[in-house]
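Engineer: Quick one: the structure is below, and I'll ask about it shortly.
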Amino acid sequence: MRGKTCLVTGATSGIGKAAAREFARRGATVVVAGRNPEKSAATVQQIRRQTGNPSVEFLLADLSSQGQVWQLAEDFKSRYQRLDVLVNNAGAIVLSRRQSVDGIEMTFALNHLSYFLLTNLLLDSLISGNPSRVINVSSSAHQQASIHFEDLQGAHRYRGWRAYGRSKLANLLFTFELARRLEGTGVTTNAAHPGLVATNLLANNGPAGRLMNLGLRVAGRGVAAGAETIVYLASSPDVAGVTGKYFVEKKAVPSSQASRDATAAGRLWRISAELTGLELLG
């Protein structure tokens with residue numbers, strides 16, 4: 001991956017950090033996106049030390065905030081001429097309904113809208129770097145989910161696990177619609193399920209979340225194993241030109257029927273554009 005520039009969100013821990021480290025080990029310029037300055041700086045220093053690659057930097061953003069997503073995109077474009085790999089990975093499970101600073105339900109804001117907004121804001125950089133790749137981290141949790149457009153943000157009935165599954169379904173609908181829209185540009189976009197991984201996905205949910213996170217750490221696989229499919233999609237010549245697919249264990253597999261609903265994908269795209277202000281850009 002020497003000569004490639006990679007931006008990884010949610011890269012200060014878990015599979016995002018593992019993917020960023022592997023990109024750096026392979027010689028890429030790696031940009032770690034994180035919200036905590038101390039943790040981001042420590043992550044960069046650790047990856048540089050472990051890989052011997054000095055071309056690892058960080059940019060700050062709380063990706064649940066649309067204003068900070070816009071700023072992240074501007075910061076990236078002011079420093080880098082092109083983007084070869086974008087990994088949309090930042091996410092969380094939010095057990096009790098909360099709203100972002102923009103008044104949007106937190107799971108939907110972080111797990112879906114941040115993917116949608118950041119990718120769209122960086123399209124020029126991705127096209128400049130073509131052939132380039134977008135990898136959206138989804139989950140098998142999408143399999144039992146459905147999109148209820150009349151209550152997309154769970155305002156009337158919220159359940160944390162259901163909201164998470166819906167956001168992972170939204171990741172797939174976004175991936176497939178983006179692939180259709182980017183056909184012929186040289187930019188590919190695919191989604192990955194990393195498996196059950198020992199991460200801090202539930203950390204911000206009080207004592208109950210910490211207890212469930214402990215169970216996740218016991219039952220989950222290591223972060224390096226969880227990052228393998230992401231790294232494969234970002235770097236392997238086997239998937240050069242492959243787009244609009246859902247990968248598990250480095251293999252394209254069928255996703256749920258709901259995820260392949262092109263009408264729903266188009267509708268979700270339009271709503272997401274309205275919620276992020278992108279429709280004002282045409």
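Ordering of the structure tokens sets the chain letters (A, B, ...), residue numbers begin anew at 1 in every chain, and ligands are numbered from 1 in the order given.
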Mind the document's chain letters and residue numbers, and return as a PyMOL selection string the residues of stretch 18-64 of chain A that DSSP labels helix (DSSP H, G or I).
Structural biologist: chain A and resi 18-25+37-51
Engineer: Dump N, CA and C atoms for the selected residues as an mmCIF file, in the first residue's frame?
Structural biologist:
```cif
data_model
loop_
_atom_site.group_PDB
_atom_site.id
_atom_site.type_symbol
_atom_site.label_atom_id
_atom_site.label_comp_id
_atom_site.auth_asym_id
_atom_site.auth_seq_id
_atom_site.Cartn_x
_atom_site.Cartn_y
_atom_site.Cartn_z
ATOM 1 N N ALA A 18 -6.675 -1.548 14.548
ATOM 2 C CA ALA A 18 -5.966 -2.691 13.972
ATOM 3 C C ALA A 18 -5.803 -2.523 12.463
ATOM 4 N N ALA A 19 -6.843 -2.029 11.787
ATOM 5 C CA ALA A 19 -6.762 -1.803 10.341
ATOM 6 C C ALA A 19 -5.758 -0.698 10.031
ATOM 7 N N ALA A 20 -5.809 0.393 10.798
ATOM 8 C CA ALA A 20 -4.877 1.499 10.581
ATOM 9 C C ALA A 20 -3.434 1.033 10.755
ATOM 10 N N ARG A 21 -3.197 0.226 11.769
ATOM 11 C CA ARG A 21 -1.841 -0.285 12.001
ATOM 12 C C ARG A 21 -1.369 -1.154 10.836
ATOM 13 N N GLU A 22 -2.265 -1.992 10.301
ATOM 14 C CA GLU A 22 -1.881 -2.850 9.187
ATOM 15 C C GLU A 22 -1.630 -2.042 7.920
ATOM 16 N N PHE A 23 -2.424 -1.007 7.687
ATOM 17 C CA PHE A 23 -2.170 -0.126 6.541
ATOM 18 C C PHE A 23 -0.785 0.514 6.662
ATOM 19 N N ALA A 24 -0.474 0.980 7.879
ATOM 20 C CA ALA A 24 0.834 1.600 8.105
ATOM 21 C C ALA A 24 1.959 0.587 7.913
ATOM 22 N N ARG A 25 1.755 -0.630 8.382
ATOM 23 C CA ARG A 25 2.762 -1.672 8.232
ATOM 24 C C ARG A 25 3.045 -1.946 6.757
ATOM 25 N N PRO A 37 -8.165 14.038 21.728
ATOM 26 C CA PRO A 37 -6.833 14.409 21.255
ATOM 27 C C PRO A 37 -5.712 13.601 21.886
ATOM 28 N N GLU A 38 -5.792 13.342 23.186
ATOM 29 C CA GLU A 38 -4.736 12.579 23.850
ATOM 30 C C GLU A 38 -4.693 11.140 23.345
ATOM 31 N N LYS A 39 -5.864 10.528 23.241
ATOM 32 C CA LYS A 39 -5.933 9.140 22.771
ATOM 33 C C LYS A 39 -5.509 9.034 21.308
ATOM 34 N N SER A 40 -5.886 10.016 20.510
ATOM 35 C CA SER A 40 -5.506 10.012 19.095
ATOM 36 C C SER A 40 -4.000 10.147 18.949
ATOM 37 N N ALA A 41 -3.405 11.072 19.700
ATOM 38 C CA ALA A 41 -1.953 11.266 19.635
ATOM 39 C C ALA A 41 -1.216 10.010 20.094
ATOM 40 N N ALA A 42 -1.703 9.381 21.160
ATOM 41 C CA ALA A 42 -1.069 8.166 21.665
ATOM 42 C C ALA A 42 -1.176 7.033 20.642
ATOM 43 N N THR A 43 -2.333 6.936 19.969
ATOM 44 C CA THR A 43 -2.521 5.906 18.943
ATOM 45 C C THR A 43 -1.536 6.095 17.803
ATOM 46 N N VAL A 44 -1.376 7.330 17.357
ATOM 47 C CA VAL A 44 -0.453 7.616 16.258
ATOM 48 C C VAL A 44 0.971 7.249 16.651
ATOM 49 N N GLN A 45 1.395 7.639 17.844
ATOM 50 C CA GLN A 45 2.753 7.331 18.293
ATOM 51 C C GLN A 45 2.970 5.833 18.391
ATOM 52 N N GLN A 46 1.956 5.123 18.884
ATOM 53 C CA GLN A 46 2.080 3.666 19.018
ATOM 54 C C GLN A 46 2.186 2.996 17.653
ATOM 55 N N ILE A 47 1.354 3.405 16.696
ATOM 56 C CA ILE A 47 1.402 2.804 15.362
ATOM 57 C C ILE A 47 2.723 3.117 14.675
ATOM 58 N N ARG A 48 3.193 4.351 14.806
ATOM 59 C CA ARG A 48 4.499 4.695 14.224
ATOM 60 C C ARG A 48 5.594 3.803 14.804
ATOM 61 N N ARG A 49 5.572 3.626 16.111
ATOM 62 C CA ARG A 49 6.602 2.837 16.783
ATOM 63 C C ARG A 49 6.524 1.361 16.375
ATOM 64 N N GLN A 50 5.308 0.824 16.296
ATOM 65 C CA GLN A 50 5.139 -0.600 15.986
ATOM 66 C C GLN A 50 5.439 -0.939 14.533
ATOM 67 N N THR A 51 5.234 0.021 13.632
ATOM 68 C CA THR A 51 5.393 -0.266 12.201
ATOM 69 C C THR A 51 6.636 0.348 11.584
#
```
Engineer: Please list as JSON, numbers by chain every residue within 12 Å of A:Gly277, counting only C-alpha atoms and excluding residues in the same chain fewer than 2 positions away.
Structural biologist: {"A": [66, 67, 70, 102, 113, 116, 117, 120, 121, 269, 270, 271, 272, 273, 274, 275, 279, 280, 281, 282]}
Engineer: Nearest to A:Thr29 among A:Ala73, A:Leu178, A:Ser64, A:Arg79, with distances taken over only C-alpha atoms: which residue is it?
Structural biologist: A:Arg79
Engineer: With stretch 142-164 of chain A as the partner and 10 Å as the cut-off, tabulate the residues of stretch 253-278 of chain A that qualify, each row holding the nearest pair of atoms and their distance in Å to one decimal, using only C-alpha atoms, sorted by chain and rising number, as a tab-separated table.
Structural biologist:
```
residue	atom	partner	partner_atom	distance
A:Ser255	CA	A:Gln143	CA	7.1
A:Ser256	CA	A:Gln143	CA	5.3
A:Gln257	CA	A:Gln143	CA	8.5
A:Ala258	CA	A:Ser146	CA	6.5
A:Ser259	CA	A:His142	CA	8.0
A:Ala264	CA	A:Ile147	CA	8.0
A:Ala265	CA	A:Ile147	CA	9.8
A:Arg267	CA	A:Phe149	CA	8.8
A:Leu268	CA	A:Phe149	CA	8.2
A:Ile271	CA	A:Phe149	CA	9.3
```
Engineer: Between atom CA of A:Gln71 and atom CA of A:Leu122, what is the distance in Å, rounded to a tenth?
Structural biologist: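 Interatomic distance, atom CA of A:Gln71 to atom CA of A:Leu122: 11.4 Å.
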Engineer: Within 12 Å of stretch 231-240 of chain A, which residues of stretch 71-102 of chain A show up? Give each one with its shortest atom-to-atom distance in Å (one decimal) and the two atoms involved, counting only C-alpha atoms, rows by chain then rising residue number, as a Markdown table.
Structural biologist:
```
| residue | atom | partner | partner_atom | distance |
| --- | --- | --- | --- | --- |
| A:Leu83 | CA | A:Ala234 | CA | 11.9 |
| A:Asp84 | CA | A:Ala234 | CA | 8.8 |
| A:Val85 | CA | A:Ala234 | CA | 6.3 |
| A:Leu86 | CA | A:Ala234 | CA | 8.3 |
| A:Val87 | CA | A:Ala234 | CA | 8.2 |
| A:Asn88 | CA | A:Ala234 | CA | 11.6 |
```
Engineer: Using only C-alpha atoms, pick whichever of A:Val137, A:Gly241, A:Phe108, A:Leu118 has the shortest atom-to-atom distance to A:Gly184.
Structural biologist: A:Gly241
Engineer: Could you check how far atom CA of A:Gly129 sits from atom CA of A:Arg82, in Å to one decimal?
Structural biologist: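 If I compute the distance from atom CA of A:Gly129 to atom CA of A:Arg82, I get 4.9 Å.
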Engineer: Name all residues at most 12 Å from A:Tyr246 (count only C-alpha atoms; drop same-chain ones fewer than 2 positions away) and give them as number ranges by chain.
Structural biologist: A: 135-140, 142-143, 168-169, 171-176, 179, 189-194, 229-230, 233, 239, 242-244, 248-256, 259-260
Engineer: What's the separation between atom CA of A:Gly103 and atom CA of A:Leu59, in Å to one decimal place?
Structural biologist: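 Pair atom CA of A:Gly103 / atom CA of A:Leu59 returns 24.2 Å.
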Engineer: If we count only C-alpha atoms and set the cut-off at 8 Å, which residues sit around stretch 33-36 of chain A, ignoring sequence neighbours fewer than 6 positions away in its own chain? Please answer as a list of chain:residue names.
Structural biologist: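 Near neighbours after the sequence-gap exclusion: A:Leu7, A:Val8, A:Thr9, A:Gly10, A:Ala11, A:Thr12, A:Phe58, A:Leu59, A:Leu60, A:Ala61, A:Asp62, A:Leu63.
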Engineer: For A:Gln68, which residue out of A:Leu110, A:Pro54, A:Arg181, A:Ala262 is the nearest one, using only C-alpha atoms?
Structural biologist: A:Leu110
